[in-house]
Amino acid sequence: MTADQAPPLLTIRGVSKTFPGVRALDDVQLTLRRGEVHALMGENGAGKSTLIKVLTGVESADGGEMLLDGQPIRPNSPRDAEAVGISTVYQEVNLVPNLSVAENLCLGRFPKTAGVIRWGEARRRAQAALRRLNLDLDVRRQLSSYSLALQQMIAIARALDTDAKLLILDEPTSSLDDNEVDELLGVMDRLRSEGLGILFVTHFMDQVYRISDRITVLRNGGFVCERRTAELPRLELISAMVGKDVAALEEQEAQARAGHAQATQGETLLKAEGLGHTGVHGPMNFEIEKGQTVGLAGLLGSGRTETAWMVFGVDPAGSGKLKFDGKDVNPGSPREAMALGIAMTPEDRKAAGIIPNLSVRENIVLALQSRRGLWRRLSKARQRELADQYIASLNIKTPHREQLVRNLSGGNQQKVLLARWLAIEPRLFILDEPTRGIDVGAKGEIEKLIRVLAEKGMSILFISSELEEVARTCQRVVVLRDRRQVGVLDGEGISEKAILEMIAASPTGGASKEAAHA
Amino acid sequence: MPEQVATKTRRLPAAFEALFWPVLALVLLLVFNALFTPNYLKVEMVDGRLSGYLIDIFRDGAAVMLVALGMTLVIGTGGVDLSVGAIMAIAAVLAAAMVTPAWLGDTLGPWAVDAYANHPGAWVALLLVVSLAAAAVVGMWNGLLVSVLRVQPIIATLILMVSGRGLAQLICGGQIYLFDDEPSLRFIGQGTLLGLPFSLWLVAAMLIVTALLTRRTALGLMIESVGDNDLASHYAGLRARTIKFMVYAFSGLCAGVAGLIESTNVSSANANKIGLWFELDAIFAVVVGGTALTGGRFFIIGSVVGALLIQTLTNTMYVYEVRPEVALIPKALIILAVCLLQSAAFRRRVVGALTAPFKSKGTQGNAAAGGAG
Amino acid sequence: MIAALFDRKYIPIAATLAVLILLFVFGAVRYDDRNFASLYNIVGLFRGGAVVGVAAIGATFIILSGGIDLSVGSVIAFTTIFVATLVSPEVGPGWHPALAIAAALGVGTVFGVMQGCFIHFFALPPFLVTLAGMFLVRGLAFVIHEQSLGITHDFYTSMQMAGVPLSRGVLLTVPVMVLLACYALAIFGASMLKFGREVYAVGGDEASARLMGISLARVKLGVYGLGGLTGALAGVLATVDMGSGNPAEFIGYELDAIAAVVIGGTLLTGGVGLVIGSLLGTLIIGLIRLMIDNEGTLSTWWTNISTGLLLFLFILMQTLVVKFTAGKGRG
């Protein structure tokens, strides 16, 4: 790679930032060269987002220096940062859905004559900006009429339209499917060859290894290491991120495999027969045994969450049958599902999971209380007891049980949700992306918890985008594609590769073959 | 996790914190009055009833306290009810019309006139039920719009804020009916029980019932949960829609009782006057009492203190013979001031700017924590 | 281009237009004997709608930006009595009306900007700030003068008389011309000026708009300032109409303005809607009132009830439209 010899585009030296009680950044350094994709890695709370905020002028650093092209910079706002050549694209598409594509590209920098917008020129400029990414869209159409992936591309086009020298991509792929990710990585590759510097923040290791030239690892606000990607094996990267040595990680892996081997031969708890919505979703046919962990695997939008919603009564099935414990059921609301003994932690933890301004205690007792109903209130003492019990057993890191849940980290919020549902002692527990966006330590704890619960006889329906995690945790995997069930894997037959092959294999032709780029 | 360090310090109970400012303001206002108005704090027994400025505050504030009670629960669910004044008018007009033989004869027929003449006691009981039920039904309409149709609460209740008074006029045909011939109804607003205004006993009863309902059952937790995140509450098995529906119905009921108190106190039911501008007083009381307009945590006692505060303010202005319309000015200014004090953005900007020379960092960190979400 | 006409964003405005035409045809048939569909009545609709229509312009921009303004009725009342008092030589300084009007417009704008400051800088909910504003301004109106005050000045007399004659006895009066001019300006501003597009952007997604370099302060202070300005202008038109000022009038006009905007197809959640819709909404409200008048047997309170009912129906329609189109977005 020639990137090594290229002059540094961005140099960060000794940058620190302290919030009350927290040292978010401590003497951080980073060197990014022209024509380089530089991955910024670290667990949640490592300081990645704070560093980006400092770079983009959302926060100001307490100390240290930042040089762009050898010139010291100190942006005070995202606008300042853009002016010196630093553009950012965020995880959520930060565009305005109700305006046209052209407006989204020109907002804040409309071409004007005497204050009046020159629409013709605005559209031409928008088209030109999109052409740089090989996109040919009708720029008059509303942004919301395009897919999320295209919206993300439009956001990148906008970011580049400012003569950017450095492009920061902050988790740009979290809501994209594999094809869309491929497309985005292709664009990154092309931009790199044009000499742009790209700072890439992501949780997805695959993507880091596919695209990045260098990796900088942060941990607890401090700099850990900077290495060429080719010279940093995955396991070493993970150990640098979590601060554990490689041997410990391998042991953890082995333990996980051991748990996986243990199979169950129990009675059936849940049986789906042709479950779905005619013409839209399904039919789904699968069984969950008592004490079994069953995974739902598939790409984003393959109908995993929708299947969970049918079982949990969020979106009752329109066709087919659902048997729970031998009886025909069709829960019409989460409340009815709960009465059957079904629990679910939703995919979107913030919007549909936590009650942010209530305490840990109140969040934990909520489901149990709602099952008991309005009149049979849990006594304060019983609530405290429950909360303390789960704070201890799930190792929820909170100063006290009256802490507001919004002040907890993502992993601990997830644990609170688990506690909420464990309190009703469910027979079937649906976990939709329980490990998304939480740090590696909490991830391991949650996987371990799943094993313990299954051993105790609880059935679990497990949904995750990380196929490796599905393969490791489940004794049966139902594979989905395009809202259809395409197969079931059992016991020893489960592996990441097998799942991918099943997703990729298409009876009607190889249309989605490249989705499985394993 | 480093992020937890910042919030480790344990704070005073929320209810205590919420009560501090309104109680302080109330005490200051009372002290001001005690200094400048002779006999302000004096309470004496006259003809078997307690009287004095302080008793007046309680009697005049009964309706506000009631409306604020219902409003507290509505705001707790993240909503707001702008139609309370109109609902007061509807309940009052309906009650007044039902003791007016002319209206009964025209609207319901001669049987109603006879029924009222022959069994006045039962008829009054019936009309109380009817007018309060009407108020609750109107509240349910709001609840329906908010919970089922998911209309923004401001707009849903704004519809009735205006057309509700139209409905009230429709009921009475534009007439102003009086309670002059029905002493049992006048007792609601003017009567005395055990030395205290009867309306105050009504407020106390409603207050106790509400407090028991919200704190001895799980209702309080459920309202706060729904107000903070209704989707997550639905997923946790709560009947989020039912709860929202119920609080609007309850707010309607409270407004109905308040309407009866207001109208029987002045012995007449004018559809254009009863409950006019009550919305602000009630919202004032709730917000001053520490309940945030964004929903979630609510404080019933805080709202009662808030209602007393605004009534003390109103009565103070009566003492100084300020026109009621002009009295709106200080009310509006105080509610803005209180909201500013509660606003995190205000504290950060103004308090931060004032203390900036003394502290180099800290305030900005809070800003970041707030903006990070 | 043809496809653009069938764009989703024109559905609500098409519905509004259809309702307006249907109502008018219904009235024309039902009250044929009273010459309902006359030019006089049509111009009368605009005359009657001038005050609400102008106030609705500010309300449109505010609602498009994602806010709400409950203070406009009070601002109108305040302006009428403010102007009347300034012009009056007996109770006021006896200014020339042009000067008084300019002062009123300035005061209204400043008041609106102040509301915007509270909403933007201190992050207070718009309905609360403008509700407080509604009471504050109403109180101030009574402080200025306690009751109705007539305006007698040659300037006013000539303004009331002036106009473009359209046919015998039908005059395009000054308020109507001001109304139409205001809408022309507002439509231009909403579609061709940076400020207009930024208002839509902020209403669509405030956080994104900020990251895209839009100054939220400018937009919010701007829309509420505009709300104050159009509210004051509506008040001035009201003085021309009434020939007096009255601090106790115009209660409930905030709902009329909001109803005109909503009936005109603007979504209360912000970001979606067209300015012209608010004019159509104003005309619909006026048309219904005209029909209630023509009906004769219906009493005035039906006006309030019908506005509420209409508002309800359009909100219901919006809810359904949003429900049917929302499913498409998910991937």
# chains A, B, ... in the order shown; residues from 1 in each chain; ligands from 1
call {"tool": "closest_atom_pairs", "arguments": {"of": "chain C", "to": "chain A", "cutoff": "7 Å", "atoms": "only C-alpha atoms", "output": "CSV"}}
result
residue,atom,partner,partner_atom,distance
C:Met192,CA,A:Ile117,CA,5.4
C:Leu193,CA,A:Val116,CA,5.2
C:Lys194,CA,A:Ile117,CA,6.7
C:Ala201,CA,A:Val96,CA,5.9
C:Gly204,CA,A:Asn98,CA,5.7
C:Asp205,CA,A:Val96,CA,5.4
C:Ser208,CA,A:Asn94,CA,4.6
C:Ala209,CA,A:Val96,CA,6.7
C:Leu211,CA,A:Pro78,CA,6.8
C:Met212,CA,A:Gly108,CA,6.6
C:Gly213,CA,A:Gly108,CA,5.7
C:Ile214,CA,A:Gly108,CA,5.8
C:Gly271,CA,A:Asn98,CA,6.4
C:Val272,CA,A:Asn98,CA,6.8
C:Gly329,CA,A:Ser144,CA,7.0
C:Gly331,CA,A:Gly301,CA,6.2
call {"tool": "write_last_selection", "arguments": {"atoms": "C-alpha atoms", "output": "short mmCIF file (atom, residue, chain, number, x, y, z; two decimals), in the first residue's frame"}}
result
data_model
loop_
_atom_site.label_atom_id
_atom_site.label_comp_id
_atom_site.auth_asym_id
_atom_site.auth_seq_id
_atom_site.Cartn_x
_atom_site.Cartn_y
_atom_site.Cartn_z
CA MET C 192 -38.44 30.51 -3.51
CA LEU C 193 -36.64 31.89 -0.49
CA LYS C 194 -34.06 30.12 1.62
CA ALA C 201 -36.61 21.42 6.78
CA GLY C 204 -39.40 17.78 8.82
CA ASP C 205 -36.46 16.88 11.02
CA SER C 208 -30.96 16.88 10.89
CA ALA C 209 -31.67 20.42 9.82
CA LEU C 211 -26.60 19.32 11.46
CA MET C 212 -27.07 20.49 7.89
CA GLY C 213 -26.03 23.94 8.97
CA ILE C 214 -29.43 25.58 9.33
CA GLY C 271 -42.88 20.00 7.43
CA VAL C 272 -45.73 19.18 5.06
CA GLY C 329 -41.28 3.81 4.40
CA GLY C 331 -37.48 -1.34 4.56
#
call {"tool": "residues_around", "arguments": {"residues": "C:Gly235", "least_positions_apart": "3", "cutoff": "9 Å", "atoms": "only C-alpha atoms", "output": "PyMOL selection string"}}
result
chain C and resi 51+55+73+75-81+83+104+230-232+238-240+245
call {"tool": "write_last_selection", "arguments": {"atoms": "N, CA and C atoms", "output": "JSON list (two decimals), in the first residue's frame"}}
result
[["chain", "number", "residue", "atom", "x", "y", "z"],
["C", 51, "VAL", "N", -59.27, 38.88, 7.99],
["C", 51, "VAL", "CA", -58.58, 38.89, 9.28],
["C", 51, "VAL", "C", -58.00, 37.51, 9.58],
["C", 55, "ALA", "N", -53.96, 36.19, 9.46],
["C", 55, "ALA", "CA", -53.40, 35.57, 10.67],
["C", 55, "ALA", "C", -52.96, 34.14, 10.37],
["C", 73, "GLY", "N", -55.26, 35.35, 18.52],
["C", 73, "GLY", "CA", -56.50, 36.07, 18.80],
["C", 73, "GLY", "C", -56.25, 37.27, 19.68],
["C", 75, "VAL", "N", -53.39, 38.82, 20.01],
["C", 75, "VAL", "CA", -52.57, 39.80, 19.28],
["C", 75, "VAL", "C", -53.47, 40.68, 18.41],
["C", 76, "ILE", "N", -54.46, 40.04, 17.77],
["C", 76, "ILE", "CA", -55.38, 40.82, 16.94],
["C", 76, "ILE", "C", -56.12, 41.85, 17.81],
["C", 77, "ALA", "N", -56.67, 41.38, 18.92],
["C", 77, "ALA", "CA", -57.42, 42.28, 19.80],
["C", 77, "ALA", "C", -56.53, 43.40, 20.31],
["C", 78, "PHE", "N", -55.32, 43.04, 20.72],
["C", 78, "PHE", "CA", -54.37, 44.03, 21.22],
["C", 78, "PHE", "C", -54.10, 45.10, 20.16],
["C", 79, "THR", "N", -53.87, 44.62, 18.92],
["C", 79, "THR", "CA", -53.55, 45.56, 17.85],
["C", 79, "THR", "C", -54.69, 46.54, 17.61],
["C", 80, "THR", "N", -55.92, 46.02, 17.63],
["C", 80, "THR", "CA", -57.05, 46.92, 17.35],
["C", 80, "THR", "C", -57.09, 48.04, 18.38],
["C", 81, "ILE", "N", -56.96, 47.67, 19.64],
["C", 81, "ILE", "CA", -57.09, 48.71, 20.67],
["C", 81, "ILE", "C", -55.85, 49.58, 20.73],
["C", 83, "VAL", "N", -53.93, 50.45, 18.10],
["C", 83, "VAL", "CA", -54.04, 51.42, 17.01],
["C", 83, "VAL", "C", -55.10, 52.48, 17.36],
["C", 104, "ALA", "N", -47.84, 49.38, 15.44],
["C", 104, "ALA", "CA", -48.51, 48.13, 15.82],
["C", 104, "ALA", "C", -47.83, 46.93, 15.18],
["C", 230, "THR", "N", -48.04, 38.95, 11.15],
["C", 230, "THR", "CA", -49.31, 38.74, 10.46],
["C", 230, "THR", "C", -50.48, 38.87, 11.43],
["C", 231, "GLY", "N", -50.27, 38.51, 12.69],
["C", 231, "GLY", "CA", -51.31, 38.70, 13.69],
["C", 231, "GLY", "C", -51.64, 40.18, 13.82],
["C", 232, "ALA", "N", -50.57, 41.02, 13.89],
["C", 232, "ALA", "CA", -50.78, 42.46, 14.01],
["C", 232, "ALA", "C", -51.44, 43.02, 12.75],
["C", 238, "ALA", "N", -58.66, 44.36, 10.88],
["C", 238, "ALA", "CA", -59.88, 44.35, 11.69],
["C", 238, "ALA", "C", -60.31, 45.76, 12.06],
["C", 239, "THR", "N", -59.34, 46.65, 12.32],
["C", 239, "THR", "CA", -59.72, 48.04, 12.66],
["C", 239, "THR", "C", -60.37, 48.71, 11.45],
["C", 240, "VAL", "N", -59.84, 48.39, 10.25],
["C", 240, "VAL", "CA", -60.44, 48.95, 9.05],
["C", 240, "VAL", "C", -61.88, 48.46, 8.92],
["C", 245, "GLY", "N", -61.48, 49.80, 17.88],
["C", 245, "GLY", "CA", -60.66, 48.78, 18.52],
["C", 245, "GLY", "C", -61.36, 48.27, 19.75]]
call {"tool": "atom_distance", "arguments": {"atom1": "atom CA of A:Leu275", "atom2": "atom CA of A:Lys321"}}
result
5.7 Å
call {"tool": "residues_around", "arguments": {"residues": "B:Ala89", "least_positions_apart": "3", "cutoff": "9 Å", "atoms": "only C-alpha atoms", "output": "CSV table (one decimal) with C-alpha atoms, in the first residue's frame"}}
result
chain,number,residue,atom,x,y,z
B,84,VAL,CA,-61.5,21.9,30.7
B,85,GLY,CA,-63.0,25.4,30.7
B,86,ALA,CA,-65.5,24.4,28.1
B,92,ALA,CA,-72.9,23.9,34.6
B,93,VAL,CA,-75.3,24.8,31.8
B,94,LEU,CA,-76.8,21.3,31.8
B,164,GLY,CA,-67.4,23.0,23.6
B,165,ARG,CA,-68.8,26.4,24.4
B,168,ALA,CA,-73.0,24.5,26.0
B,169,GLN,CA,-74.9,27.3,24.2
B,255,ALA,CA,-63.9,19.8,35.2
B,256,GLY,CA,-67.5,18.9,35.5
B,259,GLY,CA,-68.1,23.7,36.7
B,260,LEU,CA,-70.9,22.9,39.2
B,263,SER,CA,-71.7,28.1,38.6
B,269,ALA,CA,-74.6,29.3,34.4
B,270,ASN,CA,-73.4,31.6,31.6
B,271,ALA,CA,-72.0,29.4,28.8
B,272,ASN,CA,-69.6,32.1,27.8
B,273,LYS,CA,-68.3,32.9,31.3
B,274,ILE,CA,-68.1,29.6,33.3
B,275,GLY,CA,-64.6,28.3,33.3
B,276,LEU,CA,-63.3,30.9,30.9
call {"tool": "residues_around", "arguments": {"residues": "B:Ala249", "least_positions_apart": "5", "cutoff": "8 Å", "atoms": "only C-alpha atoms", "output": "PyMOL selection string"}}
result
chain B and resi 136-143
call {"tool": "interface_residues", "arguments": {"of": "chain C", "to": "chain B", "cutoff": "10 Å", "atoms": "only C-alpha atoms", "output": "ChimeraX atom specification"}}
result
/C:68,70,118,120-125,127-144,146,247-248,251-256,258-259,268-269,299-312,315-316,318-320
call {"tool": "interface_residues", "arguments": {"of": "chain A", "to": "chain B", "cutoff": "6 Å", "atoms": "only C-alpha atoms", "output": "JSON list (two decimals) with N, CA and C atoms, in the first residue's frame"}}
result
[["chain", "number", "residue", "atom", "x", "y", "z"],
["A", 19, "PHE", "N", -15.72, 15.38, 31.05],
["A", 19, "PHE", "CA", -17.06, 15.78, 31.46],
["A", 19, "PHE", "C", -17.09, 15.64, 32.96],
["A", 20, "PRO", "N", -18.04, 16.27, 33.63],
["A", 20, "PRO", "CA", -18.07, 16.16, 35.10],
["A", 20, "PRO", "C", -18.02, 14.68, 35.51],
["A", 21, "GLY", "N", -16.98, 14.32, 36.19],
["A", 21, "GLY", "CA", -16.89, 12.96, 36.71],
["A", 21, "GLY", "C", -16.38, 11.94, 35.73],
["A", 22, "VAL", "N", -16.25, 12.31, 34.46],
["A", 22, "VAL", "CA", -15.82, 11.33, 33.47],
["A", 22, "VAL", "C", -14.68, 11.89, 32.64],
["A", 334, "PRO", "N", -49.40, -7.48, 22.96],
["A", 334, "PRO", "CA", -48.36, -7.95, 23.88],
["A", 334, "PRO", "C", -48.96, -8.42, 25.20],
["A", 335, "ARG", "N", -50.02, -7.75, 25.60],
["A", 335, "ARG", "CA", -50.65, -8.10, 26.86],
["A", 335, "ARG", "C", -51.16, -9.55, 26.85],
["A", 352, "ALA", "N", -38.84, 1.25, 22.10],
["A", 352, "ALA", "CA", -39.89, 0.31, 22.49],
["A", 352, "ALA", "C", -39.54, -0.48, 23.74],
["A", 353, "GLY", "N", -38.39, -0.21, 24.32],
["A", 353, "GLY", "CA", -37.97, -1.01, 25.46],
["A", 353, "GLY", "C", -38.00, -0.26, 26.77],
["A", 355, "ILE", "N", -38.19, 2.60, 29.74],
["A", 355, "ILE", "CA", -38.92, 3.81, 30.11],
["A", 355, "ILE", "C", -37.85, 4.71, 30.71],
["A", 367, "ALA", "N", -43.48, -5.15, 33.93],
["A", 367, "ALA", "CA", -44.24, -6.23, 33.28],
["A", 367, "ALA", "C", -45.00, -7.05, 34.31],
["A", 370, "SER", "N", -47.91, -5.11, 35.37],
["A", 370, "SER", "CA", -48.99, -5.01, 34.40],
["A", 370, "SER", "C", -49.70, -6.36, 34.27],
["A", 374, "LEU", "N", -54.14, -3.46, 37.60],
["A", 374, "LEU", "CA", -54.16, -2.17, 38.26],
["A", 374, "LEU", "C", -54.27, -2.30, 39.78],
["A", 375, "TRP", "N", -55.10, -3.20, 40.22],
["A", 375, "TRP", "CA", -55.48, -3.19, 41.64],
["A", 375, "TRP", "C", -54.49, -3.91, 42.53],
["A", 377, "ARG", "N", -51.34, -4.03, 43.42],
["A", 377, "ARG", "CA", -50.06, -3.35, 43.31],
["A", 377, "ARG", "C", -49.00, -4.10, 44.11],
["A", 399, "PRO", "N", -25.62, 2.75, 40.19],
["A", 399, "PRO", "CA", -25.26, 3.16, 41.55],
["A", 399, "PRO", "C", -26.29, 2.71, 42.59]]
call {"tool": "residues_around", "arguments": {"residues": "B:Met71", "least_positions_apart": "2", "cutoff": "8 Å", "atoms": "only C-alpha atoms", "output": "PyMOL selection string"}}
result
chain B and resi 67-69+73-75+80-81+251+282-283+286
call {"tool": "select_by_dssp", "arguments": {"residues": "stretch 126-328 of chain C", "states": "alpha helix (DSSP H)", "output": "ChimeraX atom specification"}}
result
/C:126-144,154-161,174-192,194-204,206-211,216-242,253-263,275-295,301-326
call {"tool": "atom_distance", "arguments": {"atom1": "atom CA of A:Arg234", "atom2": "atom CA of A:Gly410"}}
result
24.0 Å
call {"tool": "residues_around", "arguments": {"residues": "C:Asp293", "least_positions_apart": "3", "cutoff": "12 Å", "atoms": "only C-alpha atoms", "output": "list in words"}}
result
Gly27, Tyr31, Arg34, Phe36, Gly286, Leu287, Ile288, Arg289, Leu290, Gly296, Thr297, Leu298, Ser299, Thr300, Trp301, Trp302 and Thr303 of chain C
call {"tool": "write_last_selection", "arguments": {"atoms": "N, CA and C atoms", "output": "PDB file, in the first residue's frame"}}
result
ATOM      1  N   GLY C  27     -74.261  25.225  -1.635  1.00  0.00           N
ATOM      2  CA  GLY C  27     -74.872  26.486  -1.232  1.00  0.00           C
ATOM      3  C   GLY C  27     -75.599  27.152  -2.390  1.00  0.00           C
ATOM      4  N   TYR C  31     -79.447  27.717  -1.761  1.00  0.00           N
ATOM      5  CA  TYR C  31     -79.884  29.092  -1.519  1.00  0.00           C
ATOM      6  C   TYR C  31     -79.961  29.864  -2.836  1.00  0.00           C
ATOM      7  N   ARG C  34     -81.668  33.096  -2.972  1.00  0.00           N
ATOM      8  CA  ARG C  34     -81.026  34.246  -2.330  1.00  0.00           C
ATOM      9  C   ARG C  34     -79.762  34.674  -3.080  1.00  0.00           C
ATOM     10  N   PHE C  36     -77.002  33.039  -3.933  1.00  0.00           N
ATOM     11  CA  PHE C  36     -75.825  32.655  -3.148  1.00  0.00           C
ATOM     12  C   PHE C  36     -74.545  32.759  -3.960  1.00  0.00           C
ATOM     13  N   GLY C 286     -65.302  30.438   6.108  1.00  0.00           N
ATOM     14  CA  GLY C 286     -66.201  31.546   5.812  1.00  0.00           C
ATOM     15  C   GLY C 286     -67.470  31.083   5.111  1.00  0.00           C
ATOM     16  N   LEU C 287     -67.289  30.129   4.198  1.00  0.00           N
ATOM     17  CA  LEU C 287     -68.421  29.610   3.436  1.00  0.00           C
ATOM     18  C   LEU C 287     -69.432  28.943   4.362  1.00  0.00           C
ATOM     19  N   ILE C 288     -68.920  28.176   5.303  1.00  0.00           N
ATOM     20  CA  ILE C 288     -69.827  27.494   6.228  1.00  0.00           C
ATOM     21  C   ILE C 288     -70.592  28.512   7.066  1.00  0.00           C
ATOM     22  N   ARG C 289     -69.874  29.555   7.481  1.00  0.00           N
ATOM     23  CA  ARG C 289     -70.573  30.597   8.265  1.00  0.00           C
ATOM     24  C   ARG C 289     -71.657  31.259   7.428  1.00  0.00           C
ATOM     25  N   LEU C 290     -71.322  31.511   6.180  1.00  0.00           N
ATOM     26  CA  LEU C 290     -72.277  32.134   5.281  1.00  0.00           C
ATOM     27  C   LEU C 290     -73.513  31.254   5.129  1.00  0.00           C
ATOM     28  N   GLY C 296     -80.636  30.674   8.443  1.00  0.00           N
ATOM     29  CA  GLY C 296     -81.588  31.480   9.200  1.00  0.00           C
ATOM     30  C   GLY C 296     -82.000  30.875  10.517  1.00  0.00           C
ATOM     31  N   THR C 297     -82.370  29.585  10.508  1.00  0.00           N
ATOM     32  CA  THR C 297     -82.853  28.978  11.741  1.00  0.00           C
ATOM     33  C   THR C 297     -81.711  28.582  12.662  1.00  0.00           C
ATOM     34  N   LEU C 298     -80.520  28.465  12.117  1.00  0.00           N
ATOM     35  CA  LEU C 298     -79.395  28.044  12.950  1.00  0.00           C
ATOM     36  C   LEU C 298     -78.850  29.233  13.721  1.00  0.00           C
ATOM     37  N   SER C 299     -78.498  28.985  14.972  1.00  0.00           N
ATOM     38  CA  SER C 299     -78.029  30.079  15.800  1.00  0.00           C
ATOM     39  C   SER C 299     -76.522  30.238  15.680  1.00  0.00           C
ATOM     40  N   THR C 300     -76.043  31.371  16.227  1.00  0.00           N
ATOM     41  CA  THR C 300     -74.631  31.716  16.042  1.00  0.00           C
ATOM     42  C   THR C 300     -73.682  30.669  16.609  1.00  0.00           C
ATOM     43  N   TRP C 301     -74.101  29.965  17.678  1.00  0.00           N
ATOM     44  CA  TRP C 301     -73.152  29.021  18.284  1.00  0.00           C
ATOM     45  C   TRP C 301     -72.828  27.853  17.354  1.00  0.00           C
ATOM     46  N   TRP C 302     -73.644  27.694  16.336  1.00  0.00           N
ATOM     47  CA  TRP C 302     -73.301  26.654  15.364  1.00  0.00           C
ATOM     48  C   TRP C 302     -71.991  26.968  14.653  1.00  0.00           C
ATOM     49  N   THR C 303     -71.655  28.265  14.616  1.00  0.00           N
ATOM     50  CA  THR C 303     -70.381  28.650  14.017  1.00  0.00           C
ATOM     51  C   THR C 303     -69.226  27.940  14.714  1.00  0.00           C
TER      52      THR C 303
END
call {"tool": "atom_distance", "arguments": {"atom1": "atom CA of C:Leu313", "atom2": "atom CA of B:Ser83"}}
result
18.1 Å
call {"tool": "residues_around", "arguments": {"residues": "stretch 442-450 of chain A", "least_positions_apart": "4", "cutoff": "10 Å", "atoms": "only C-alpha atoms", "output": "MDAnalysis selection string"}}
result
chainID A and resid 252:253 255:256 259 293 393:396 410:412 414:415 418 429 431 434:438 454:456 458:460 462 469 472:474
call {"tool": "select_by_dssp", "arguments": {"residues": "stretch 115-215 of chain C", "states": "strand (DSSP E or B)", "output": "list of chain:residue names"}}
result
C:Leu149, C:Gly150, C:Gly163, C:Val164, C:Pro165, C:Leu166, C:Ser167, C:Val170, C:Leu171, C:Leu172, C:Thr173, C:Leu193
call {"tool": "write_last_selection", "arguments": {"atoms": "N, CA and C atoms", "output": "mmCIF file, in the first residue's frame"}}
result
data_model
loop_
_atom_site.group_PDB
_atom_site.id
_atom_site.type_symbol
_atom_site.label_atom_id
_atom_site.label_comp_id
_atom_site.auth_asym_id
_atom_site.auth_seq_id
_atom_site.Cartn_x
_atom_site.Cartn_y
_atom_site.Cartn_z
ATOM 1 N N LEU C 149 -63.184 51.305 21.485
ATOM 2 C CA LEU C 149 -62.820 52.694 21.219
ATOM 3 C C LEU C 149 -62.891 52.932 19.723
ATOM 4 N N GLY C 150 -63.717 53.894 19.313
ATOM 5 C CA GLY C 150 -63.896 54.169 17.891
ATOM 6 C C GLY C 150 -62.693 54.877 17.283
ATOM 7 N N GLY C 163 -61.060 51.121 -3.007
ATOM 8 C CA GLY C 163 -61.167 49.780 -3.562
ATOM 9 C C GLY C 163 -61.285 49.802 -5.050
ATOM 10 N N VAL C 164 -61.168 48.593 -5.624
ATOM 11 C CA VAL C 164 -61.292 48.456 -7.072
ATOM 12 C C VAL C 164 -62.686 47.930 -7.372
ATOM 13 N N PRO C 165 -63.495 48.719 -8.055
ATOM 14 C CA PRO C 165 -64.846 48.218 -8.357
ATOM 15 C C PRO C 165 -64.790 47.091 -9.384
ATOM 16 N N LEU C 166 -65.422 45.970 -9.062
ATOM 17 C CA LEU C 166 -65.434 44.828 -9.970
ATOM 18 C C LEU C 166 -66.678 44.851 -10.859
ATOM 19 N N SER C 167 -67.803 45.175 -10.236
ATOM 20 C CA SER C 167 -69.032 45.362 -11.010
ATOM 21 C C SER C 167 -69.923 46.240 -10.146
ATOM 22 N N VAL C 170 -70.017 45.921 -6.237
ATOM 23 C CA VAL C 170 -69.033 44.988 -5.714
ATOM 24 C C VAL C 170 -67.659 45.638 -5.755
ATOM 25 N N LEU C 171 -67.082 45.770 -4.555
ATOM 26 C CA LEU C 171 -65.822 46.495 -4.436
ATOM 27 C C LEU C 171 -64.752 45.543 -3.897
ATOM 28 N N LEU C 172 -63.611 45.536 -4.575
ATOM 29 C CA LEU C 172 -62.461 44.795 -4.040
ATOM 30 C C LEU C 172 -61.808 45.723 -3.021
ATOM 31 N N THR C 173 -62.123 45.515 -1.736
ATOM 32 C CA THR C 173 -61.704 46.475 -0.716
ATOM 33 C C THR C 173 -60.234 46.319 -0.351
ATOM 34 N N LEU C 193 -37.651 31.298 -1.355
ATOM 35 C CA LEU C 193 -36.638 31.890 -0.486
ATOM 36 C C LEU C 193 -36.033 30.817 0.414
#
